[in-house]
Amino acid sequence: MTEFTCLQIVSSFAFEAMQKVDVVKLAALSDPELRLLLPCLVRMALCAPADQSDAWAQDKKLILRLLSGIEAVNSIVALLSVDFHALEQDATKEQQLRHKLGGANGESILVSQLQHGLALEFEHSDSPRRLRLALSELLVIMNKVSDTNGEFFMKSSELFESPVYLDEVADVLCILQAELPSLLPITEVAEALLHVKNGSWFMCLLVANVPDSFNEVCRGLIKNGERQDEESAGGRRRTEALRQLCKMNPTEALNVRAMVVEECHLPGLGIALTLDQCKNDGSEDTVTDLVSFVSGLLLGTNAKVRTWFGMFIRNGQQRKRERSSSVLWQMRRQLLLELMAILPTVSSGRIGEDTADTDMEPNISVYSALKEENVVKASAMLRLYCALMGIAGLKPTDEEAEQLLQLMTSRPPATPAGVRFVSLSFCMLLAFPSLVSTPEQEQITVMWLSWMIREEAYFESTTGVSASFGEMLLLVAMYFHSNQLNAIIDLVCSTLGMKIAIKPSSLNRMKTIFTQEIFTEQVVTAHAVRVPVTSNLSAIITGFLPIHCIYQLLRSRAFTKHKVSIKDWIYRQMCETTTPLHPQLLPLIDVYINSILTPASKANPEATNQPITEQEVLNVFNGLTWGENNRCRQKYSITAQLLVLYYTLSYEETLLSNVKPLAAMQKKPKSYSAALMDQIPIKYLIRQAQGLQQELGGLHSALLRLLATNFPHLCMVDDWMCEEEVTGTDALLSRMLLTSRAKRHSPRKLQEAFQVASANYTQLMQILEDLTLMSASELIPFAEALMLDLYKVLEPGVPRKILQTVNQLWRLLNTVMPRRLWVMTVNALQPKAKLLRQQKYTQNDLMIDPLIVLRCDHRVYRCPPLMDITLHMLNGYLLASKAYLSAHLKENADQETKPHANNTMAIVGQPEVPEVTREELKNALLSAQDSAAVQILLEICLPTEEERSCGAGTFLEQQDQTTGILSECSDDDRETLLSNVREVQCLICCLLHQLFIADPNIAKLVHFQGYPSELLPLTVAGIPSIHICLDFIPELLAQPQLEKQIFAIQLLSHLCIQYALPKSLSVARLSINVMGTILTVLTQAKRFAFFMPTLPCLVSFCRAFPPLCDDVTSLLIQTGQVCASHVATQAQDIDPIISRLKNLKEKSDVSANFQKSTDLEMIKKGKNITAENLDPDVLLCQRIEATFLEIINTAVDGV
């Protein structure tokens, strides 16, 4: 706008004086400057103030003294003496009239018919008429603005254009707005002034006389502005007006710029204000405000702002207007000047002979050295140009491209900021390869990349930055060799911190430079191995590290292709780790294991990497100290130990899963020995990892997955629950109670206490109690001493408290060293005869044959605390045996692919037969093993002859009568014996319950095998999961063996009492029908053998399900008739018995007579009547009669 060139404007000094009402500064103003502020000053002098203080009274006197010598004050006083109330009423009427007429120019109420032009009328009019003329003209403009709906127009107005009357019109305008604020809101007045000539000048004077309205006016103008201000004349006028307002009040310029960004309007204004700010600051030490502001717009998180400003850049490049008047051109020019200001100076230096490449550049090299104070500014400038070109679509000019390339290829000093600058320059070169357009520029780029390769080690050693640009060079080279262009694009965007659309085809030239001139694949692999590992690698270290490069090279099989050993580098990096775990470590180990076991191609199966040796694995764990106070002495961190453990477990799992493909290629990698796995404290490490889950990322969950697959015996639920107790609040309380005396205990003192325990248990008890207060790790040195004398607690007379304490200590040790502890325990609990032979079992022996655990001293079977330990070990070794056999089957899978010479045709014809056979053999072995363990445990539940003589086994027959017949044993012996047997049986039932739930087929197999019927009351009552037997009892009844049918009926009788369910009813009815069917086909001997044990079961059926009484009665009568018929054929008088049976069917009141019958009581009790002196059929008839009696008694008792 050129209208400001000849007009007096309000200076920032004058505006500040008005804003603060600083009378001293006002007095310092010149007369022309003071003239612009007279409307406000006169009103201050004449109007009654709200401030009645003496200070304001003195300031008011100064203001009056200032005004006293100015002639224009009289005209302003005259304007203030008008009746503004009447003026407002007339203006309101005129507004209403114009609204009715639809905005047509009719007769004006404010102004009568004009005789001359508006300017001449204004000159000849008095003050009231001047106010009416200006008000009428202003209202016309305001109405037209509201009617146009945002379309810009210019209103020709003689009143606002005549330079002679501008001061008087400004006075009138200021007085009108001040006296009629409701009619003339200042924001609407400012909006209207944009549409007249000199409107910006009037707006500045209006705001200067009402300084408090500055923010309100600016916000209103911005809110009503265009989204792209340079696209229209109205937008440019609005931008210029706001720019002049900000020049008048520069302290609020940044706030106005913030309003622009908030509303996403007038982007040119934001840039213009920033340019003005840069001119005022003139600072060269830091990043300029222009760079910061534009970078914030394009790289901020607000996508709306980013899109809005990007549209401004694109539209600005398409405009054909005069470039010098464009705000965008001014911004680009300013940025280019700042870029040239920080461009490095040209220096020359001799490259060392050991690093010089005479083919690519001469010994005297001319390069650009970037000053250290300019490095940060240069990095910010590069990111800004990346954002402008990549996000906003800026197309650089030749001059801009040349200067950018010169800056990118400069050589910064060896500082962390210099490393960052080189990384940004390199990524910008990849993102915008069009910057390199000539052969000379390409040669400069190659020289600069060669310099990066040479100086990378120096930069890293000098700056101490682990993530230097050398790793990025290697990574990009590897991506180019493997043609992973999208990965390069992701790397560039990640380093620059912005998402840029890069076409993969644009990287072709850079790919050629990298793969053919700078980094061949062999050079990449050789260089990668020499790169030092990152010390104390953790997730805290960000950026691109050597580990990223090695990972990509492993994925592309570059090391195996060029026969470069990478094992040592990976081992060193695994050992140089700490928490929090770096996210690239686990993928690195996985791809390394894959490169060891899987050849890159079938043509060259030997092209694999070397695995870590067993000695190297052991070296990581040899420095492991168990005491919590000694953990700081470990040579390797817990992170390194966990990573090596993960590598070992994952290696074994991957090897087993790839046995068949490797066998097909006639390649069998070596697996780690069982002895090595036994020396690794797996459970201790897992427990440590559990407390570091947040810092280890996904390592803990990955270890648990591998552990559940390869070592299921270390993942038992009981162990996890025990660990929760060990690590809970009780453990913390125990640590607080740990006395100094307890800390002085040693394994030797524990051994001495065991030696004298038979004479005095107090000392042993005290030491054991103190040991329970220690942590599991601190107990490890005591493990051997405790297990060495464990057999001594089996001696008679040992207090139960000692046994329970030993059990507690064993559970504590089991949380940190289970496998070693189990082997020691099994060897310690062997019978004395075996101890004399010094037969020691190993871990491998116990996994092959878990039943060794039960070949212990028989006294353990009646010692509940030690039996609890034995059962826990048995369950663990059963699980371990399954995993061992499965692994063994996989390890020897190559044998399946080798057909035997004498069976070649059969194998060719049936390729799947060997595999199925081996799997079936394994399953059969496991089933036999599990069932044998269950049968042994059930046998342990049977009372011995000594216990039977004391009556300890009577509860197996009558669970509700466990006392009263132990007359031969003393009271103390009876209670202890009965308590121990009962507790052992409960422990065994709990284990059997777990086994049946884990594999219901075990329950089916055991019951098909059968076991003593006297154990049925115990198993049915003590094993909750035994109800699953109802599913296969029909199948058991269908077996041809009479013993299995008898066992099925006896088992069903107890299940019906325990689980009176509809399913039990249906199976019981089926069993009655089966008994009726069997009756018709059995011989006399078999009939006697079948029905004598099964007839009492009918009583249980009737007790559980009374509706079955009719079926049972029919079966009994039918059985009795068969027996009677057989007796009749032998001419024996059995009629009295038959008649009595028939009477039982008809009459129920004869029960009293049966109860009085001594013979029937004897039959019922089984006394004095044997098979030697009676016929089997007669005995069976008597048993039928006794069964009838029990059913009737049950019914009578129920009623």
# chains A, B, ... in the order shown; residues from 1 in each chain; ligands from 1
call {"tool": "residues_around", "arguments": {"residues": "Pro1176 in chain A", "least_positions_apart": "2", "cutoff": "9 Å", "atoms": "only C-alpha atoms", "output": "list in words"}}
result
Gln1084, Ala1085, Phe1088, Cys1123, Ala1171, Leu1174, Val1178, Leu1179, Leu1180 and Cys1181 of chain A
call {"tool": "write_last_selection", "arguments": {"atoms": "all heavy atoms", "output": "PDB file, in the first residue's frame"}}
result
ATOM      1  N   GLN A1084     -21.436-121.881  36.867  1.00  0.00           N
ATOM      2  CA  GLN A1084     -21.621-121.776  38.304  1.00  0.00           C
ATOM      3  C   GLN A1084     -20.434-121.094  38.981  1.00  0.00           C
ATOM      4  O   GLN A1084     -20.626-120.192  39.797  1.00  0.00           O
ATOM      5  CB  GLN A1084     -21.827-123.176  38.889  1.00  0.00           C
ATOM      6  CG  GLN A1084     -22.016-123.145  40.408  1.00  0.00           C
ATOM      7  CD  GLN A1084     -22.012-124.540  41.018  1.00  0.00           C
ATOM      8  OE1 GLN A1084     -21.559-125.486  40.372  1.00  0.00           O
ATOM      9  NE2 GLN A1084     -22.520-124.668  42.228  1.00  0.00           N
ATOM     10  N   ALA A1085     -19.243-121.525  38.614  1.00  0.00           N
ATOM     11  CA  ALA A1085     -18.062-120.960  39.282  1.00  0.00           C
ATOM     12  C   ALA A1085     -17.911-119.479  38.970  1.00  0.00           C
ATOM     13  O   ALA A1085     -17.654-118.656  39.858  1.00  0.00           O
ATOM     14  CB  ALA A1085     -16.811-121.732  38.853  1.00  0.00           C
ATOM     15  N   PHE A1088     -20.602-117.409  40.717  1.00  0.00           N
ATOM     16  CA  PHE A1088     -20.274-117.165  42.123  1.00  0.00           C
ATOM     17  C   PHE A1088     -19.183-116.093  42.229  1.00  0.00           C
ATOM     18  O   PHE A1088     -19.271-115.180  43.050  1.00  0.00           O
ATOM     19  CB  PHE A1088     -19.810-118.474  42.764  1.00  0.00           C
ATOM     20  CG  PHE A1088     -19.402-118.322  44.199  1.00  0.00           C
ATOM     21  CD1 PHE A1088     -20.354-118.319  45.218  1.00  0.00           C
ATOM     22  CD2 PHE A1088     -18.057-118.176  44.557  1.00  0.00           C
ATOM     23  CE1 PHE A1088     -19.979-118.183  46.548  1.00  0.00           C
ATOM     24  CE2 PHE A1088     -17.676-118.031  45.876  1.00  0.00           C
ATOM     25  CZ  PHE A1088     -18.647-118.028  46.875  1.00  0.00           C
ATOM     26  N   CYS A1123     -29.951-119.705  40.806  1.00  0.00           N
ATOM     27  CA  CYS A1123     -29.198-120.489  41.784  1.00  0.00           C
ATOM     28  C   CYS A1123     -30.059-121.635  42.331  1.00  0.00           C
ATOM     29  O   CYS A1123     -29.589-122.765  42.509  1.00  0.00           O
ATOM     30  CB  CYS A1123     -28.704-119.606  42.922  1.00  0.00           C
ATOM     31  SG  CYS A1123     -27.482-118.389  42.409  1.00  0.00           S
ATOM     32  N   ALA A1171     -16.728-121.221  51.696  1.00  0.00           N
ATOM     33  CA  ALA A1171     -17.007-122.018  50.501  1.00  0.00           C
ATOM     34  C   ALA A1171     -16.697-123.498  50.712  1.00  0.00           C
ATOM     35  O   ALA A1171     -17.107-124.334  49.911  1.00  0.00           O
ATOM     36  CB  ALA A1171     -16.197-121.476  49.327  1.00  0.00           C
ATOM     37  N   LEU A1174     -20.191-125.008  52.333  1.00  0.00           N
ATOM     38  CA  LEU A1174     -21.483-124.752  51.694  1.00  0.00           C
ATOM     39  C   LEU A1174     -21.299-124.763  50.191  1.00  0.00           C
ATOM     40  O   LEU A1174     -20.248-124.407  49.672  1.00  0.00           O
ATOM     41  CB  LEU A1174     -22.063-123.409  52.146  1.00  0.00           C
ATOM     42  CG  LEU A1174     -22.640-123.351  53.568  1.00  0.00           C
ATOM     43  CD1 LEU A1174     -23.128-121.956  53.851  1.00  0.00           C
ATOM     44  CD2 LEU A1174     -23.752-124.371  53.770  1.00  0.00           C
ATOM     45  N   VAL A1178     -25.642-122.008  47.173  1.00  0.00           N
ATOM     46  CA  VAL A1178     -26.287-121.729  48.462  1.00  0.00           C
ATOM     47  C   VAL A1178     -25.712-120.453  49.062  1.00  0.00           C
ATOM     48  O   VAL A1178     -26.446-119.598  49.579  1.00  0.00           O
ATOM     49  CB  VAL A1178     -26.098-122.926  49.409  1.00  0.00           C
ATOM     50  CG1 VAL A1178     -26.668-122.600  50.795  1.00  0.00           C
ATOM     51  CG2 VAL A1178     -26.769-124.170  48.844  1.00  0.00           C
ATOM     52  N   LEU A1179     -24.395-120.319  49.012  1.00  0.00           N
ATOM     53  CA  LEU A1179     -23.778-119.090  49.523  1.00  0.00           C
ATOM     54  C   LEU A1179     -24.267-117.866  48.749  1.00  0.00           C
ATOM     55  O   LEU A1179     -24.508-116.797  49.334  1.00  0.00           O
ATOM     56  CB  LEU A1179     -22.265-119.194  49.400  1.00  0.00           C
ATOM     57  CG  LEU A1179     -21.582-120.161  50.376  1.00  0.00           C
ATOM     58  CD1 LEU A1179     -20.095-120.227  50.065  1.00  0.00           C
ATOM     59  CD2 LEU A1179     -21.805-119.734  51.812  1.00  0.00           C
ATOM     60  N   LEU A1180     -24.407-117.990  47.433  1.00  0.00           N
ATOM     61  CA  LEU A1180     -24.868-116.864  46.637  1.00  0.00           C
ATOM     62  C   LEU A1180     -26.304-116.505  47.000  1.00  0.00           C
ATOM     63  O   LEU A1180     -26.669-115.319  47.067  1.00  0.00           O
ATOM     64  CB  LEU A1180     -24.751-117.205  45.153  1.00  0.00           C
ATOM     65  CG  LEU A1180     -24.953-116.064  44.176  1.00  0.00           C
ATOM     66  CD1 LEU A1180     -24.004-114.907  44.484  1.00  0.00           C
ATOM     67  CD2 LEU A1180     -24.722-116.533  42.737  1.00  0.00           C
ATOM     68  N   CYS A1181     -27.120-117.557  47.253  1.00  0.00           N
ATOM     69  CA  CYS A1181     -28.502-117.267  47.675  1.00  0.00           C
ATOM     70  C   CYS A1181     -28.531-116.552  49.013  1.00  0.00           C
ATOM     71  O   CYS A1181     -29.333-115.630  49.229  1.00  0.00           O
ATOM     72  CB  CYS A1181     -29.286-118.585  47.754  1.00  0.00           C
ATOM     73  SG  CYS A1181     -29.650-119.317  46.151  1.00  0.00           S
TER      74      CYS A1181
END
call {"tool": "select_by_dssp", "arguments": {"residues": "range 138-252 of chain A", "states": "helix (DSSP H, G or I)", "output": "ChimeraX atom specification"}}
result
/A:138-147,158-161,166-179,186-193,199-209,211-223,229-231,233-248,250-252
call {"tool": "closest_residue", "arguments": {"among": "A:Thr762, A:Ser410, A:Gln985, A:Ser136", "to": "Arg98 in chain A", "atoms": "only C-alpha atoms"}}
result
A:Ser136
call {"tool": "residues_around", "arguments": {"residues": "His1054 in chain A", "least_positions_apart": "4", "cutoff": "10 Å", "atoms": "only C-alpha atoms", "output": "PyMOL selection string"}}
result
chain A and resi 1016-1021+1049-1050+1058-1060+1097+1100-1101+1104
call {"tool": "residues_around", "arguments": {"residues": "Glu137 in chain A", "least_positions_apart": "3", "cutoff": "10 Å", "atoms": "only C-alpha atoms", "output": "PyMOL selection string"}}
result
chain A and resi 111+118+132-134+140-142+157-160
call {"tool": "residues_around", "arguments": {"residues": "Ala387 in chain A", "least_positions_apart": "6", "cutoff": "12 Å", "atoms": "only C-alpha atoms", "output": "ChimeraX atom specification"}}
result
/A:291,294-300,306,309-310,313,380-381,393-395,428,431-432,493,496-501
call {"tool": "closest_residue", "arguments": {"among": "A:Arg819, A:Lys1086, A:Arg314, A:Lys561", "to": "Ile680 in chain A", "atoms": "only C-alpha atoms"}}
result
A:Arg819
call {"tool": "residues_around", "arguments": {"residues": "range 750-760 of chain A", "least_positions_apart": "2", "cutoff": "12 Å", "atoms": "only C-alpha atoms", "output": "VMD selection string"}}
result
chain A and resid 742 744 to 748 762 to 771 779 781 to 799 802
call {"tool": "closest_residue", "arguments": {"among": "A:Ser127, A:Gln1009, A:Gln610, A:Ser482", "to": "Gln935 in chain A", "atoms": "only C-alpha atoms"}}
result
A:Gln1009
call {"tool": "atom_distance", "arguments": {"atom1": "CA of Ile547 in chain A", "atom2": "CA of His582 in chain A"}}
result
9.8 Å
call {"tool": "residues_around", "arguments": {"residues": "Cys549 in chain A", "least_positions_apart": "3", "cutoff": "8 Å", "atoms": "only C-alpha atoms", "output": "list of chain:residue names"}}
result
A:Glu471, A:Met472, A:Leu474, A:Leu475, A:Met478, A:Ala528, A:Leu545, A:Pro546, A:Gln552, A:Leu553
call {"tool": "write_last_selection", "arguments": {"atoms": "N, CA and C atoms", "output": "compact mmCIF listing (two decimals), in the first residue's frame"}}
result
# COMPACT_ATOMS: atom_id res chain seq x y z
N GLU A 471 27.61 -45.99 11.21
CA GLU A 471 26.64 -47.08 11.20
C GLU A 471 25.54 -46.82 10.17
N MET A 472 25.18 -45.55 10.02
CA MET A 472 24.15 -45.24 9.03
C MET A 472 24.67 -45.50 7.62
N LEU A 474 26.91 -47.73 6.76
CA LEU A 474 26.91 -49.18 6.59
C LEU A 474 25.50 -49.71 6.33
N LEU A 475 24.56 -49.20 7.12
CA LEU A 475 23.18 -49.67 6.99
C LEU A 475 22.62 -49.35 5.61
N MET A 478 24.10 -51.64 3.03
CA MET A 478 23.51 -52.97 3.07
C MET A 478 22.12 -52.97 2.44
N ALA A 528 32.21 -54.12 8.70
CA ALA A 528 31.26 -54.29 9.80
C ALA A 528 31.86 -55.08 10.95
N LEU A 545 23.04 -47.76 15.28
CA LEU A 545 24.19 -48.32 15.95
C LEU A 545 24.78 -49.46 15.12
N PRO A 546 25.96 -49.94 15.49
CA PRO A 546 26.52 -51.09 14.77
C PRO A 546 25.60 -52.30 14.76
N GLN A 552 21.23 -56.33 9.63
CA GLN A 552 20.88 -56.34 8.20
C GLN A 552 21.82 -57.24 7.41
N LEU A 553 23.09 -57.24 7.76
CA LEU A 553 24.04 -58.11 7.07
C LEU A 553 23.74 -59.58 7.34
call {"tool": "closest_residue", "arguments": {"among": "A:Ile518, A:Val376, A:Val207, A:Ile489", "to": "Trp451 in chain A", "atoms": "only C-alpha atoms"}}
result
A:Ile518
call {"tool": "closest_residue", "arguments": {"among": "A:Val1112, A:Ile502, A:Cys427, A:Val659", "to": "His888 in chain A", "atoms": "only C-alpha atoms"}}
result
A:Val659
call {"tool": "atom_distance", "arguments": {"atom1": "CA of Arg236 in chain A", "atom2": "CA of Leu37 in chain A"}}
result
27.2 Å
